[in-house]
Every structure is written in C-alpha cells, then in structure tokens.
Amino acid sequence: MNTNGDTPNNNDKIVENDARSDFVRDIVKEDLKTNKFDGRVVTRFPPEPNGYLHIGHAKAINLNFGIAQEFGGKFHLRFDDTNPTKEETEYVESITNDVRWLGADWGDNLFYASDYFDQMHAYAVDLIKKGKAYVCDCPHSEVSKMRGTLTAPGTPCPHRDRSIDENLDLFDRMHKGEFPDGSKTLRAKIDLSSPNINMRDPIMYRILHASHHRTGDKWCIYPMYDWAHGIEDSIEKITHSICTLEFENHRPLYDWFLDELGVYHPQQIEFARLNLTYTVMSKRKLLELVKGKFVSGWDDPRMPTISGMRRRGYTPQAIRNFCKRIGVNKFNSTVDFQLLEYFVREDLNKNAPRVMGVLNPLKVVITNYPDGQTEELDAVNNPEDPSAGTRKVPFSKVLYIEQDDFMENPPKKFFRLSPGKEVRLRYAYFITCTDVIKDANGEIIELHCTYDPATRGGDAPDGRKVKATLHWVSADHALDAELRLYEHLFSKPNPNEVEEGHDYKENLNPNSLTVLKNCKIEPSVKNAPIETRYQFERQGYFSIDPDSTPGNLVFNRIATLKDTWAKIQTAETTR
RNA sequence: UGGCCUGUAGUUCAAUUGGCAGAACGUCUGACUCUGGAUCAGAAGGUUCUAGGUUCGAUUCCUAGCAGGCCAGCCA
C-alpha cells in the first residue's frame, strides 16, 4: 500500500482507531443483515475517461474500495465510456495509473461500458417490444420545448404513439446508420407530467456518427447515461452503486429501467462530493486551466488532480487518511485545505528523511577554521524513526546559511544569528558572528564568523546554551538545485465567489509558484530517484520533480513546516 | 412560484437509533527540544437552523416555517 517504503504500523493504527461508520456503510451492514444481496458486496468506481482524476475522485475511490475491502467484497474499475466525442485513451491511462497509485486494487475486474453496447441494444429492443420506448423524430429544440418546465408538465410529441413495428423498424435503421446525427432519438415512454423532469420520456439513444476510442466505427448510436449506467451495474452484479448527490433525481429512472427490464437490480446510493478551499474541483474548470495554460498541465503540482498531488509529493497514505477523516455525507461542505496538509505533514514527518538545504544562500566564512580542511559530521536521518540511521555531512571553512537566519538589527524575539550572537550549526559547531560584509549598495553579501572547536557535533562541554540551531551546507560540497515553491492556486477560499460578470480565473493566485534557482543542498541527495521525498530541516517537505536531472536537481515543495516565527512576524506586522 | 435532498463548535464529522452534545483540524496558553519542526499538557469555542407539538426526557419522532443544494443536455 505504501510507495515510499514507510512502515505501515503507525499509520494503520491511526486509521484503525479512526475507523468510523457512515450512512453508506450503515446501509451495506443492514443489507448484509437482511441478506438482500445474498451476502455479497460489490462496489465500483465508474469514471468517464474525459479528464484526469482529482482529490474528489479519491474520496469516491476510497469509499468504494474501502467498503469492498472491509466487507470482504469486490471492487470494480469501470470506464463509463458512452460518449465518444469527449473521451480519449490518454484519460483511460491516466485514470488507471491514478487509481492504482492511490492503492485501490480492482484485481481482474476492469470493465468498459462499451463492452456492454450489444447487450444494451438488445435490452432497448426489448423495451420497444413492451411498448415502453419509441423513436422520436423531433429536433433538439422541439424536445426541450415539449419537456415542459419545473412547474409546467410536458406535452407528448406526435411520435409518442407509433406502433411497435414502426419503432422497431426505425430503431433498426438508426442502428444501421440511415439517419444523420440528431435527427432521431430513442426515448423511454414514462410520464410527461412527472414532477421529476428526468422521468419525462428521457432519451435512451442518440445518433452520433463518431469514432469511439475502443469500438471504433462499429456504432453510430450511443446510449445515454441513465439508460446505460443501471445496465452496467446490473451486468456486473454490483450491489451498491454509489454516486454523487446530483444523481439523486435520477434514481427513480435508474430503478424504472431495471424494473421494466426485469433484471438484477443494485441499490443506488448518493453522497456529497468533496469541495476544498482555495481550489476548484470541476472537470470543466480543471480542463480550462490546462487548455488555457494557466498551469503547466494536468499534473501541475498546484492542481488538485491526483497526478498533480503525486508530482507535488503528496503520499497515497496521506490522501487515504484524509479521505477517511472527512467522512461521507449527504450535505454539501467545503473542507479546509489545512486538513489535507495536516495529513500530508503527519505522514511525511514520520517517513521523510531529513536533509539540509538552503533556499536563499548567505555566504559564511569561518575565519578561525583551517583553510582546505573538510570534516564529516554525523547527522540523524529521521529523529522520528531511529531505524532510518545516520549519515555524514561535510563541513568546511566556507558555508551557506539561510538569509532569513541573519538579521543585522534583530528585534527582541529574533533569536537566530546577528552580530556578536552565538548560534549552533546543526550537527556541527557553535559559531559567533564577528563581521558583516556588504557590497556597494549596502546589501549584505557575506558574514564572518568564528567557531568554537570544543562544540564539535553541536554540544558545548561547558553546558552553555544557544537559542537557535541553524541549517547550513558546505559551499564546496553543496549541490545546486532549483526549488519550486507553491502556494494555493487561488487566492480566495472559494474561487467561485466572483462579482456579477466576472470569472473565477480572476481569483487565480499570482504567487502560486515561486521558482528559486540558486539553492544549495547537501550532497547526500545526489542520486535520489524522482519522487523521493525529504524534509529540508526547518524549511518543509520537498520531493524530486520529474524535470530533475543529475546535473539540474529540481525539487517541489510539498508543504512547509509549521513556522511559529513566521506567525510571530505576521502578528507583529498586522498589529 | 414544481419535485427531491440537506441543516450539530470557525471547519470537517460523531453521538450505541429517545437518555448528561463529543472528536479531529484550526485558534490561543504553557512545557519540552540540537529543526522557532515534532511531541506533550491545557484553554476558549454550541439557542444542535427557527417555532410549535409528542414525551419524565428530543440533535434524534411529528407539524409548520427558514436557509442551502440538485433538476428543464441528444453530458456524465
């Protein structure tokens, strides 16, 4: 289940203790008790391959796969590929990758709605023979007009009472390709005065002379969602067909088709989709961000897509824990992004090896350290995990520290380095700042410090204390790296909240990406593969981007560490 | 203005189905610390949408109202 070799014990225990029921699981339990489905549990995740998966889909995958797992059932992955004009193989591939990466295992149960097209066609003929479906010649505009409105009932069209033979003949000719796109549809004959508009003779088949990514040109009529979905579930003997809230109004239709067909009938259950602050979750908008180049692609680390989060460095375990925690409900809600980050940090804190990296280097010369000397100092790989061991870090006369870790005129609460002050270099020595070197513009370009040889390793034999411990790298040994720092993609908690006539894209955060080019990282990360995750001590969690090469290291910042100093600072400035 | 669904700390969810409204995240204190990280301890935070009703007792059941979501694609 884990991708980064983390020990499963801790996380699993948390998940276990956190395990909770929800209304969907309650229904499954009840059905098991009453033996409604002969003790079987079969769930499915049915994505349409018309875009990449996002964190909202992770919630659905987790729910469906989780239920199958917990109740000893089966989990199917099924592509709902009933609309050839929008679907592509690229999406099929990305979706299978993402579902697998998230840890959901469908075994042999990978299906495609398009594999059932023949059966659907046969069922449609059955319905026509029962007098429950008819071919309608009305143009698009006419159909919607005659469907009525929310408050007014629909009116029957002239074709509603065609004979069964005529319908059979017409549907056959639709199938054979005798009619152009949009000229005819097959409709279910239900109830034009139903207060539920979905029941007002919904369209089952439309004519689409389009090539399908799997069936090619075999078909020129394609089934609509409502007609197709229940049949797909029925064929696969799904027990609990879990979908999102907007399909609630479609359940009567789902039930009607299956009842009229007299076939195996799963239970449809609807839950609320996930919303997250500072991002958008609609496929349409995500597509727009990609196509409009507002992001670098579907896997841009700022995107809420699974591939984006993966590239960013989020772990599947963190996403799973998050999904578990947010639960499942029937009312719309928006989860605070901080909750997701909490689970990311929780997982990474336990599993990510520590390393020292300087984002904005400030040169430090240890004036009393011998020229040309190098020492190898012991550093702990992960204080949260003793089994992670230690490593050697080179130390020499010229170092880099973080610019933020020095202030020439520090305020009271600043206890890092400043003139005359002593601090500890992590795992190395205590140093004291003696001189500040500036350029012609008065910019600080270099610090001169002295070190205390007696404090080697980071402890003073005389017991003297320092207030701060800084990270550092040796100038001669450090690796150059590019760091990509991310903030929220949008600057508003709800990006969709815009003034009349404005667009959500105006809420895009102009500072969502900051690229740092001259970062210095300790040499131990040299040959780490792509997607390796580290904690850069005192800075945050970073992962190696696919753009990274041995000569040009590229890291993505997954998340910052909690920073109480930053909090103090903002508290001061906003006062 | 039709129908369906939903309202519990700032946020996301619980409450053994009618029995003292809890947790996590967030916020704020404090302790500890070779990461201003992590960890630990504590605090604040509620008219359970509102009003009636049933009941010894209602977040839970009933009625009415209010608020929000979804539905008039040959999308899913």
# chains A, B, ... in the order shown; residues from 1 in each chain; ligands from 1
call {"tool": "closest_atom_pairs", "arguments": {"of": "chain B", "to": "chain A", "cutoff": "9 Å", "atoms": "only C-alpha atoms (C1' of nucleotides)", "output": "Markdown table"}}
result
| residue | atom | partner | partner_atom | distance |
| --- | --- | --- | --- | --- |
| B:U1 | C1' | A:Thr151 | CA | 7.8 |
| B:G2 | C1' | A:Thr151 | CA | 4.3 |
| B:G3 | C1' | A:Pro195 | CA | 5.1 |
| B:C4 | C1' | A:Asn249 | CA | 6.2 |
| B:C5 | C1' | A:Glu248 | CA | 7.6 |
| B:U6 | C1' | A:Phe331 | CA | 5.1 |
| B:G7 | C1' | A:Phe331 | CA | 8.2 |
| B:U11 | C1' | A:Asp336 | CA | 6.1 |
| B:U12 | C1' | A:Ile326 | CA | 5.6 |
| B:C13 | C1' | A:Gly327 | CA | 6.4 |
| B:A14 | C1' | A:Arg20 | CA | 8.7 |
| B:A24 | C1' | A:Arg325 | CA | 7.8 |
| B:C25 | C1' | A:Leu339 | CA | 5.6 |
| B:G26 | C1' | A:Gln338 | CA | 8.0 |
| B:C34 | C1' | A:Arg426 | CA | 6.1 |
| B:U35 | C1' | A:Arg538 | CA | 4.9 |
| B:G36 | C1' | A:Trp565 | CA | 5.3 |
| B:G37 | C1' | A:Arg538 | CA | 6.1 |
| B:A38 | C1' | A:Asn349 | CA | 7.5 |
| B:G68 | C1' | A:Asn332 | CA | 8.7 |
| B:G69 | C1' | A:Asn332 | CA | 6.9 |
| B:C70 | C1' | A:Glu246 | CA | 5.4 |
| B:C71 | C1' | A:Asn249 | CA | 6.7 |
| B:A72 | C1' | A:Thr149 | CA | 4.9 |
| B:C74 | C1' | A:Arg206 | CA | 5.1 |
| B:C75 | C1' | A:Asn83 | CA | 8.1 |
| B:A76 | C1' | A:Tyr225 | CA | 6.3 |
call {"tool": "residues_around", "arguments": {"residues": "Arg533 in chain A", "least_positions_apart": "2", "cutoff": "9 Å", "atoms": "only C-alpha atoms (C1' of nucleotides)", "output": "PyMOL selection string"}}
result
chain A and resi 4+313-314+348+351-353+530-531+535+541-544+558
call {"tool": "write_last_selection", "arguments": {"atoms": "C-alpha atoms", "output": "JSON list (two decimals), in the first residue's frame"}}
result
[["chain", "number", "residue", "atom", "x", "y", "z"],
["A", 4, "ASN", "CA", 7.89, 5.07, -0.15],
["A", 313, "GLY", "CA", 4.92, 14.88, -3.39],
["A", 314, "TYR", "CA", 1.74, 14.03, -1.52],
["A", 348, "LEU", "CA", 5.93, 12.86, 5.96],
["A", 351, "ASN", "CA", 8.63, 8.86, 6.94],
["A", 352, "ALA", "CA", 10.61, 11.55, 5.15],
["A", 353, "PRO", "CA", 14.38, 11.56, 5.74],
["A", 530, "ILE", "CA", 12.32, 11.05, -8.94],
["A", 531, "GLU", "CA", 9.52, 11.37, -6.38],
["A", 535, "GLN", "CA", 12.26, 17.13, 4.84],
["A", 541, "TYR", "CA", 8.92, 18.84, 2.77],
["A", 542, "PHE", "CA", 10.25, 18.56, -0.74],
["A", 543, "SER", "CA", 10.09, 15.96, -3.45],
["A", 544, "ILE", "CA", 12.18, 15.43, -6.56],
["A", 558, "ILE", "CA", 5.17, 19.65, -0.81]]
call {"tool": "atom_distance", "arguments": {"atom1": "CA of Glu506 in chain A", "atom2": "C1' of G10 in chain B"}}
result
26.4 Å
call {"tool": "atom_distance", "arguments": {"atom1": "CA of Lys397 in chain A", "atom2": "CA of Val554 in chain A"}}
result
26.8 Å
call {"tool": "atom_distance", "arguments": {"atom1": "CA of Ser94 in chain A", "atom2": "CA of Pro49 in chain A"}}
result
8.9 Å
call {"tool": "closest_residue", "arguments": {"among": "A:Tyr486, A:Phe271, A:Phe37, A:Phe430", "to": "Ala60 in chain A", "atoms": "only C-alpha atoms"}}
result
A:Phe271
call {"tool": "select_by_dssp", "arguments": {"residues": "range 122-287 of chain A", "states": "strand (DSSP E)", "output": "PyMOL selection string"}}
result
chain A and resi 133-136+185-188+203-207+221-223+240-244+267-271+274-276
call {"tool": "write_last_selection", "arguments": {"atoms": "N, CA and C atoms", "output": "short mmCIF file (atom, residue, chain, number, x, y, z; two decimals), in the first residue's frame"}}
result
data_model
loop_
_atom_site.label_atom_id
_atom_site.label_comp_id
_atom_site.auth_asym_id
_atom_site.auth_seq_id
_atom_site.Cartn_x
_atom_site.Cartn_y
_atom_site.Cartn_z
N ALA A 133 -40.79 2.10 -25.15
CA ALA A 133 -39.82 3.01 -25.76
C ALA A 133 -40.25 3.30 -27.18
N TYR A 134 -39.91 4.50 -27.66
CA TYR A 134 -40.32 4.87 -29.02
C TYR A 134 -39.27 5.76 -29.67
N VAL A 135 -39.29 5.70 -30.99
CA VAL A 135 -38.37 6.56 -31.74
C VAL A 135 -39.04 7.90 -31.95
N CYS A 136 -38.29 8.96 -31.65
CA CYS A 136 -38.82 10.32 -31.74
C CYS A 136 -38.05 11.09 -32.82
N THR A 185 -34.12 10.10 -32.01
CA THR A 185 -33.65 9.54 -30.74
C THR A 185 -34.59 8.40 -30.36
N LEU A 186 -34.08 7.54 -29.48
CA LEU A 186 -34.96 6.54 -28.88
C LEU A 186 -35.29 7.05 -27.48
N ARG A 187 -36.57 7.11 -27.18
CA ARG A 187 -36.99 7.63 -25.87
C ARG A 187 -37.78 6.61 -25.08
N ALA A 188 -37.63 6.65 -23.78
CA ALA A 188 -38.44 5.80 -22.92
C ALA A 188 -39.81 6.44 -22.76
N ILE A 203 -34.31 10.48 -23.10
CA ILE A 203 -33.67 9.90 -24.28
C ILE A 203 -32.75 8.75 -23.86
N MET A 204 -32.88 7.64 -24.56
CA MET A 204 -32.05 6.46 -24.28
C MET A 204 -30.86 6.38 -25.25
N TYR A 205 -31.14 6.68 -26.52
CA TYR A 205 -30.09 6.62 -27.54
C TYR A 205 -30.10 7.88 -28.39
N ARG A 206 -28.92 8.35 -28.72
CA ARG A 206 -28.82 9.45 -29.67
C ARG A 206 -27.95 8.96 -30.83
N ILE A 207 -28.11 9.60 -31.97
CA ILE A 207 -27.29 9.23 -33.13
C ILE A 207 -26.03 10.07 -33.12
N ILE A 221 -25.01 4.81 -32.91
CA ILE A 221 -25.94 5.24 -31.87
C ILE A 221 -25.27 4.93 -30.53
N TYR A 222 -25.36 5.86 -29.60
CA TYR A 222 -24.72 5.67 -28.30
C TYR A 222 -25.72 5.89 -27.17
N PRO A 223 -25.63 5.05 -26.14
CA PRO A 223 -26.59 5.13 -25.04
C PRO A 223 -26.33 6.34 -24.15
N HIS A 240 -24.00 -2.21 -4.43
CA HIS A 240 -24.24 -0.84 -4.01
C HIS A 240 -23.60 0.11 -5.02
N SER A 241 -24.43 0.80 -5.75
CA SER A 241 -23.97 1.70 -6.79
C SER A 241 -23.90 3.10 -6.22
N ILE A 242 -22.69 3.46 -5.79
CA ILE A 242 -22.52 4.71 -5.05
C ILE A 242 -22.12 5.84 -5.99
N CYS A 243 -22.89 6.92 -5.95
CA CYS A 243 -22.62 8.04 -6.84
C CYS A 243 -22.84 9.35 -6.08
N THR A 244 -22.63 10.46 -6.77
CA THR A 244 -22.74 11.74 -6.09
C THR A 244 -24.17 12.29 -6.13
N GLN A 267 -28.54 -1.31 -5.68
CA GLN A 267 -29.07 -0.17 -4.92
C GLN A 267 -28.20 1.06 -5.19
N GLN A 268 -28.81 2.11 -5.72
CA GLN A 268 -28.05 3.35 -5.90
C GLN A 268 -28.07 4.17 -4.62
N ILE A 269 -26.90 4.65 -4.22
CA ILE A 269 -26.79 5.47 -3.01
C ILE A 269 -25.98 6.72 -3.37
N GLU A 270 -26.48 7.87 -2.94
CA GLU A 270 -25.79 9.11 -3.31
C GLU A 270 -25.13 9.76 -2.11
N PHE A 271 -23.93 10.31 -2.34
CA PHE A 271 -23.23 11.04 -1.28
C PHE A 271 -22.73 12.38 -1.85
N LEU A 274 -16.78 16.18 -2.74
CA LEU A 274 -15.84 16.94 -1.92
C LEU A 274 -15.56 18.32 -2.51
N ASN A 275 -15.54 19.31 -1.66
CA ASN A 275 -15.05 20.63 -2.04
C ASN A 275 -13.89 20.98 -1.12
N LEU A 276 -12.89 21.64 -1.66
CA LEU A 276 -11.72 22.04 -0.88
C LEU A 276 -11.54 23.54 -1.03
#
call {"tool": "select_by_dssp", "arguments": {"residues": "range 39-182 of chain A", "states": "helix (DSSP H, G or I)", "output": "NGL selection string"}}
result
:A and (55-70 or 89-101 or 113-129 or 140-146 or 164-176)
call {"tool": "residues_around", "arguments": {"residues": "Thr279 in chain A", "least_positions_apart": "4", "cutoff": "7 Å", "atoms": "only C-alpha atoms (C1' of nucleotides)", "output": "JSON, numbers by chain"}}
result
{"A": [489, 490, 495]}
call {"tool": "closest_residue", "arguments": {"among": "A:Thr573, A:Lys505, A:Leu553, A:Ser396", "to": "Lys293 in chain A", "atoms": "only C-alpha atoms"}}
result
A:Lys505
